[in-house]
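Student: Handing you a structure now.
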Amino acid sequence: MQKFLSKPESLTDAEFTFCPGCGHGIVHRLIAECIDELDIREKTIAVAPVGCAVFAYNYFNFDVTEAPHGRPPAVATGIKRTNPDKFVFTYQGDGDIAAIGMAETIHAANRGENISIIFINNANYGMTGGQMAPTTLLGQVTQTTPFGRDPKREGYPIQLCELLVNLEGVAYLERVAIHNPKEILNAKRAIKKSFECQIAGQGFSLVEVISNCPVDWGMTPLDSIKWAEEKFIKAFPLGIIKDKTNAK
């Protein structure tokens with residue numbers, strides 16, 4: 001019998017321990033497939049922070065190092081500058097990259113560091129119980145916004161891609177989603193493009209992935225898909241935000 005699909009070589013045999021309906025497992029597989037297809041597993045180094053992303057070292061079958069909360073871009077910068085022949089990417093959540101790590105993110109982007117960032121946006125602090133994050137939507141109920149996020153009290157959701165778009169060092173920014181098969185395939189295309197951007201030495205790239213978090217959203221997995229389609233993506237529109245890789 002001909003085999004059409006198998007586990008990527010860049011994933012270990014460990015079973016995912018993410019919550020039911022969580023998007024992390026989908027994105028892990030997409031990353032692993034891209035690394036296999038680009039044949040860069042033996043020179044790949046990933047950087048993971050605090051949060052749900054911390055478990056990356058259990059699942060990726062290549063070198064993964066840990067960084068303090070919010071500091072993956074700084075750690076990745078050091079690794080890439082001292083080992084320019086390696087492929088280096090960070091895997092970060094919204095609280096990590098856009099709250100405590102905002103300074104590291106902005107300055108790595110501004111310097112045009114030749115690294116790739118995969119940013120999982122699920123609009124809350126997932127690992128610690130669902131507190132408000134920088135990307136939490138207006139009106140969204142979380143553990144720390146029980147009456148919904150109020151812009152007068154907590155400010156507005158941060159759209160990180162739009163915040164980075166005018167920095168000269170940024171080569172590629174795209175926001176994708178994984179709530180249906182079509183979007184999953186599109187997300188893989190964007191992740192692969194980000195990786196190719198680094199391989200070609202074109203500078204800083206970031207792919208933001210709109211991801212489900214049913215447990216902390218207080219929803220079933222199916223309801224979370226509907227909410228992502230009807231609410232989440234309207235607040236964070238999908239598409240290419242910046243692409244200098246095709247500039248003439």
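Ordered as shown in the structure tokens, chains take letters A, B, and onward, while each chain numbers its residues from 1 and ligands are numbered from 1 in the order shown.
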Excluding A:Phe119 and its own-chain neighbours fewer than 4 positions away, which residues fall within 10 Å of it when counting only C-alpha atoms? Please give them as a list in words.
Tutor: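 Returned residues: Ala53, Thr90, Tyr91, Gln92, Gly93, Asp94, Asp96, Ile97, Ala98, Leu160, Arg175, Leu206, Val207, Glu208, Val209, Ile210 and Ser211 of chain A.
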Student: Using C-alpha atoms, can you write the selected residues to a file as a compact mmCIF listing (two decimals), in the first residue's frame?
Tutor:
```
# COMPACT_ATOMS: atom_id res chain seq x y z
CA ALA A 53 5.27 27.16 23.91
CA THR A 90 11.53 31.40 17.81
CA TYR A 91 8.14 29.99 18.78
CA GLN A 92 6.21 32.44 20.97
CA GLY A 93 2.77 33.22 22.37
CA ASP A 94 1.01 36.57 22.54
CA ASP A 96 5.42 36.46 25.65
CA ILE A 97 6.06 38.36 22.43
CA ALA A 98 3.78 41.38 22.85
CA LEU A 160 1.83 43.30 16.38
CA ARG A 175 -1.10 36.88 9.65
CA LEU A 206 7.36 36.95 11.47
CA VAL A 207 4.24 34.85 10.91
CA GLU A 208 1.34 35.48 13.29
CA VAL A 209 -0.99 32.50 13.64
CA ILE A 210 -4.53 33.06 14.92
CA SER A 211 -5.01 29.97 17.08
```
Student: With a distance cut-off of 6 Å and only C-alpha atoms, select the neighbouring residues of stretch 125-132 of chain A, excluding the residue or stretch itself and same-chain residues fewer than 2 positions from it, and output the selection as a PyMOL selection string.
Tutor: chain A and resi 51-52+95+136+142-144+216
Student: Using only C-alpha atoms, can you tell me which of A:Ala99, A:Glu113, A:Leu173, A:Glu104 comes closest to A:Pro157?
Tutor: A:Ala99
Student: As a ChimeraX atom specification, please: the residues near A:Pro237 (cut-off 10 Å, only C-alpha atoms, same-chain neighbours under 2 positions excluded).
Tutor: /A:159,175-177,210,232-235,239-241
Student: Using only C-alpha atoms, which of the listed residues (A:Gly155, A:Pro221, A:Pro84, A:Pro72) sits closest to A:Ala103?
Tutor: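 For A:Ala103, the nearest of the candidates is A:Pro72.
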Student: Calculated over only C-alpha atoms, which of the candidates A:Lys226, A:Glu196, A:Leu138, A:Glu174 has the smallest distance to A:Asp150?
Tutor: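 Nearest to A:Asp150: A:Leu138.
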Student: Among the residues of stretch 53-229 of chain A, find those DSSP assigns to alpha helix (DSSP H) from the backbone and print them as a ChimeraX atom specification.
Tutor: /A:56-59,72-82,94-95,102-111,151-154,160-164,181-199,214-217,221-227
Student: With distances taken over only C-alpha atoms, which of A:Ala133, A:Val75, A:Leu238, A:Ala46 is nearest to A:Tyr59?
Tutor: A:Ala46
Student: What's the separation between atom CA of A:Ser10 and atom CA of A:Gln202, in Å to one decimal place?
Tutor: 24.2 Å
